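Content type compact mmCIF, C-alpha atoms, from the file entry.txt:
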# COMPACT_ATOMS: atom_id res chain seq x y z
CA MET D 65 0.00 0.00 0.00
CA ASN D 66 1.48 3.28 -1.12
CA ILE D 67 -0.17 6.67 -0.63
CA VAL D 68 1.30 10.04 -1.55
CA LEU D 69 -0.66 13.14 -0.58
CA ASN D 70 -0.48 16.53 -2.24
CA ASN D 71 -1.37 19.20 0.31
CA GLY D 72 -1.48 21.83 -2.45
CA SER D 73 -4.14 19.96 -4.42
CA GLU D 74 -7.73 21.13 -4.61
CA THR D 75 -8.75 17.48 -4.06
CA PRO D 76 -9.54 16.85 -0.39
CA LEU D 77 -7.05 14.62 1.44
CA TYR D 78 -9.61 11.89 2.16
CA LYS D 79 -10.44 11.77 -1.56
CA GLN D 80 -6.74 11.48 -2.47
CA ILE D 81 -6.39 8.54 -0.09
CA TYR D 82 -9.60 6.95 -1.37
CA GLU D 83 -8.66 7.37 -5.05
CA GLN D 84 -5.15 5.98 -4.62
CA LEU D 85 -6.32 2.92 -2.67
CA ARG D 86 -9.21 2.35 -5.06
CA SER D 87 -6.77 2.42 -7.96
CA GLN D 88 -4.40 -0.02 -6.22
CA ILE D 89 -7.28 -2.41 -5.50
CA ILE D 90 -8.73 -2.19 -9.01
CA LYS D 91 -5.30 -2.74 -10.59
CA GLY D 92 -4.88 -5.83 -8.43
CA GLU D 93 -1.91 -4.39 -6.52
CA LEU D 94 -3.79 -5.02 -3.27
CA GLU D 95 -5.29 -8.48 -3.44
CA GLY D 96 -8.44 -9.78 -1.82
CA SER D 97 -8.20 -10.40 1.93
CA TYR D 98 -5.20 -8.03 2.24
CA CYS D 99 -5.40 -6.51 5.72
CA LEU D 100 -5.22 -2.72 5.57
CA PRO D 101 -3.15 -1.05 8.29
CA PRO D 102 -5.13 0.40 11.20
CA ILE D 103 -6.69 3.79 10.53
CA ARG D 104 -4.70 5.39 13.36
CA SER D 105 -1.42 4.09 11.94
CA VAL D 106 -2.22 5.40 8.46
CA ALA D 107 -3.26 8.77 9.88
CA LEU D 108 -0.01 9.02 11.84
CA GLU D 109 2.11 8.01 8.85
CA LEU D 110 0.37 10.44 6.48
CA ARG D 111 0.17 13.19 9.12
CA VAL D 112 -3.58 13.62 8.74
CA SER D 113 -6.47 13.25 11.14
CA VAL D 114 -8.01 9.89 11.93
CA ILE D 115 -11.29 11.31 10.61
CA THR D 116 -9.68 11.90 7.19
CA VAL D 117 -8.54 8.28 6.88
CA LYS D 118 -11.81 6.97 8.31
CA LYS D 119 -13.75 8.89 5.66
CA ALA D 120 -11.60 7.35 2.89
CA TRP D 121 -12.12 3.85 4.36
CA GLU D 122 -15.88 4.48 4.52
CA GLU D 123 -15.96 5.45 0.83
CA LEU D 124 -14.02 2.29 -0.09
CA GLU D 125 -16.39 0.18 1.98
CA ARG D 126 -19.47 1.86 0.49
CA GLU D 127 -18.10 0.98 -2.97
CA GLY D 128 -17.60 -2.65 -1.90
CA LEU D 129 -13.83 -2.56 -2.28
CA ILE D 130 -13.07 -3.24 1.39
CA TYR D 131 -14.93 -4.74 4.32
CA THR D 132 -14.58 -4.47 8.09
CA VAL D 133 -14.38 -7.30 10.58
CA THR D 134 -15.09 -5.98 14.07
CA GLY D 135 -12.05 -6.36 16.28
CA ARG D 136 -9.83 -7.52 13.40
CA GLY D 137 -9.64 -4.58 11.00
CA CYS D 138 -10.36 -3.71 7.39
CA PHE D 139 -9.64 -6.03 4.48
CA VAL D 140 -9.64 -5.76 0.70
CA ALA D 141 -12.78 -7.47 -0.60
CA PRO D 142 -12.14 -10.42 -2.89
CA HIS D 143 -12.89 -9.68 -6.54
CA LYS D 144 -12.72 -11.83 -9.64
CA GLU D 145 -10.62 -10.62 -12.57
CA PRO D 146 -13.59 -9.89 -14.88
CA GLU D 147 -15.08 -7.66 -12.18
CA LEU D 148 -11.75 -5.83 -11.72
CA ALA D 149 -11.44 -5.42 -15.50
CA ASP D 150 -14.91 -3.84 -15.58
CA ARG D 151 -13.97 -1.47 -12.76
CA ARG D 152 -10.69 -0.53 -14.50
CA PHE D 153 -12.68 0.24 -17.64
CA GLU D 154 -15.19 2.35 -15.69
CA LEU D 155 -12.39 4.26 -13.96
CA ALA D 156 -10.58 4.93 -17.25
CA GLU D 157 -13.84 6.00 -18.90
CA ALA D 158 -14.59 8.48 -16.10
CA GLU D 159 -11.11 9.96 -16.29
CA LEU D 160 -11.24 10.23 -20.09
CA ARG D 161 -14.69 11.81 -19.89
CA ALA D 162 -13.36 14.45 -17.48
CA ALA D 163 -10.38 15.12 -19.76
CA LEU D 164 -12.70 15.38 -22.76
CA GLU D 165 -14.93 17.86 -20.96
CA ARG D 166 -11.85 19.91 -20.07
CA ALA D 167 -10.64 19.87 -23.70
CA VAL D 168 -14.06 21.02 -24.91
CA SER D 169 -14.11 23.79 -22.29
CA LEU D 170 -10.74 24.95 -23.67
CA GLY D 171 -12.38 25.35 -27.06
CA LEU D 172 -10.87 22.37 -28.87
CA SER D 173 -12.96 21.01 -31.74
CA ASP D 174 -13.83 17.33 -32.18
CA SER D 175 -11.19 17.01 -34.92
CA GLU D 176 -8.54 18.66 -32.72
CA ILE D 177 -9.39 16.31 -29.85
CA ARG D 178 -9.21 13.28 -32.17
CA ALA D 179 -5.84 14.48 -33.51
CA LEU D 180 -4.56 14.90 -29.97
CA LEU D 181 -5.71 11.38 -29.03
CA GLU D 182 -4.06 9.95 -32.14
CA LYS D 183 -0.85 11.76 -31.23
CA LEU D 184 -0.94 10.44 -27.66
CA LEU D 185 -1.72 6.89 -28.78
CA GLY D 186 1.38 7.10 -30.93

Starting from the file, give its structure as structure tokens.
Amino acid sequence: MNIVLNNGSETPLYKQIYEQLRSQIIKGELEGSYCLPPIRSVALELRVSVITVKKAWEELEREGLIYTVTGRGCFVAPHKEPELADRRFELAEAELRAALERAVSLGLSDSEIRALLEKLLG
């Protein structure tokens, strides 16, 4: 588990934690049944409040990516590869949609956006 926070970002800290862990789970870097470190330990290591980490954990649990066992901790929920592939696709689609909206807001035409994608795809 690797989390790097950017205090200068407009994205709230809990959301940065959530997004990075979600990405690691969806990519398969954190496998099912992996025991996440205690919330207090993560908060201390990242120098954030316990509430910040707890909120990220709650978002992950709400999404079904982790589960809690009372008295034992939080664990990565087991997922089958097709399910992870679907989630990776959904995540990529959301990020591309946001980038597309940004490109349109900058005044790029459809043909300019296509040309840019072709250039990036190499």

Distance query stretch 152-167 of chain D at most 10 Å, all atoms listed in the file, self and fewer than 2 positions along chain excluded, as an MDAnalysis selection string
chainID D and resid 86:87 89:92 146:150 169:174 176:177

Please produce a file of the residues just selected, as a PDB file, in the frame of the given file, where the atoms kept are C-alpha atoms.
ATOM      1  CA  ARG D  86      -9.210   2.350  -5.060  1.00  0.00           C
ATOM      2  CA  SER D  87      -6.770   2.420  -7.960  1.00  0.00           C
ATOM      3  CA  ILE D  89      -7.280  -2.410  -5.500  1.00  0.00           C
ATOM      4  CA  ILE D  90      -8.730  -2.190  -9.010  1.00  0.00           C
ATOM      5  CA  LYS D  91      -5.300  -2.740 -10.590  1.00  0.00           C
ATOM      6  CA  GLY D  92      -4.880  -5.830  -8.430  1.00  0.00           C
ATOM      7  CA  PRO D 146     -13.590  -9.890 -14.880  1.00  0.00           C
ATOM      8  CA  GLU D 147     -15.080  -7.660 -12.180  1.00  0.00           C
ATOM      9  CA  LEU D 148     -11.750  -5.830 -11.720  1.00  0.00           C
ATOM     10  CA  ALA D 149     -11.440  -5.420 -15.500  1.00  0.00           C
ATOM     11  CA  ASP D 150     -14.910  -3.840 -15.580  1.00  0.00           C
ATOM     12  CA  SER D 169     -14.110  23.790 -22.290  1.00  0.00           C
ATOM     13  CA  LEU D 170     -10.740  24.950 -23.670  1.00  0.00           C
ATOM     14  CA  GLY D 171     -12.380  25.350 -27.060  1.00  0.00           C
ATOM     15  CA  LEU D 172     -10.870  22.370 -28.870  1.00  0.00           C
ATOM     16  CA  SER D 173     -12.960  21.010 -31.740  1.00  0.00           C
ATOM     17  CA  ASP D 174     -13.830  17.330 -32.180  1.00  0.00           C
ATOM     18  CA  GLU D 176      -8.540  18.660 -32.720  1.00  0.00           C
ATOM     19  CA  ILE D 177      -9.390  16.310 -29.850  1.00  0.00           C
TER      20      ILE D 177
END

From atom CA of D:Lys119 to atom CA of D:Ser97 the spacing works out at 20.4 Å

Shell of 9 Å around D:Pro142, only C-alpha atoms, local chain residues under 4 positions omitted, as a VMD selection string:
chain D and resid 95 to 98 129 to 130

Take the residues from that selection and put them in a file with C-alpha atoms, as a JSON list (two decimals), in the coordinates of the input.
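That gives us again-v4.json:
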[["chain", "number", "residue", "atom", "x", "y", "z"],
["D", 95, "GLU", "CA", -5.29, -8.48, -3.44],
["D", 96, "GLY", "CA", -8.44, -9.78, -1.82],
["D", 97, "SER", "CA", -8.20, -10.40, 1.93],
["D", 98, "TYR", "CA", -5.20, -8.03, 2.24],
["D", 129, "LEU", "CA", -13.83, -2.56, -2.28],
["D", 130, "ILE", "CA", -13.07, -3.24, 1.39]]

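With only C-alpha atoms taken into account, the protein and nucleic acid residues at most 12 Å from D:Tyr131 (excluding it and anything under 5 positions from it in its own chain) are Gly96, Ser97, Tyr98, Cys99, Leu100, Trp121, Glu122, Glu123, Leu124, Glu125, Arg126, Arg136, Gly137, Cys138, Phe139, Val140, Ala141 and Pro142 of chain D.
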
Can you measure atom CA of D:Gly128 to atom CA of D:Ser113 for me? One decimal in Å is fine.
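These two atoms are separated by 23.4 Å.
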
Determine, counting only C-alpha atoms, which protein, DNA and RNA residues have an atom within 9 Å of an atom of stretch 66-72 of chain D; residues of the same chain fewer than 3 positions away are not included. Present the result as a CSV table (one decimal) with C-alpha atoms, keeping the file's coordinate frame.
chain,number,residue,atom,x,y,z
D,75,THR,CA,-8.8,17.5,-4.1
D,76,PRO,CA,-9.5,16.8,-0.4
D,77,LEU,CA,-7.0,14.6,1.4
D,80,GLN,CA,-6.7,11.5,-2.5
D,81,ILE,CA,-6.4,8.5,-0.1
D,84,GLN,CA,-5.2,6.0,-4.6
D,85,LEU,CA,-6.3,2.9,-2.7
D,88,GLN,CA,-4.4,0.0,-6.2
D,110,LEU,CA,0.4,10.4,6.5
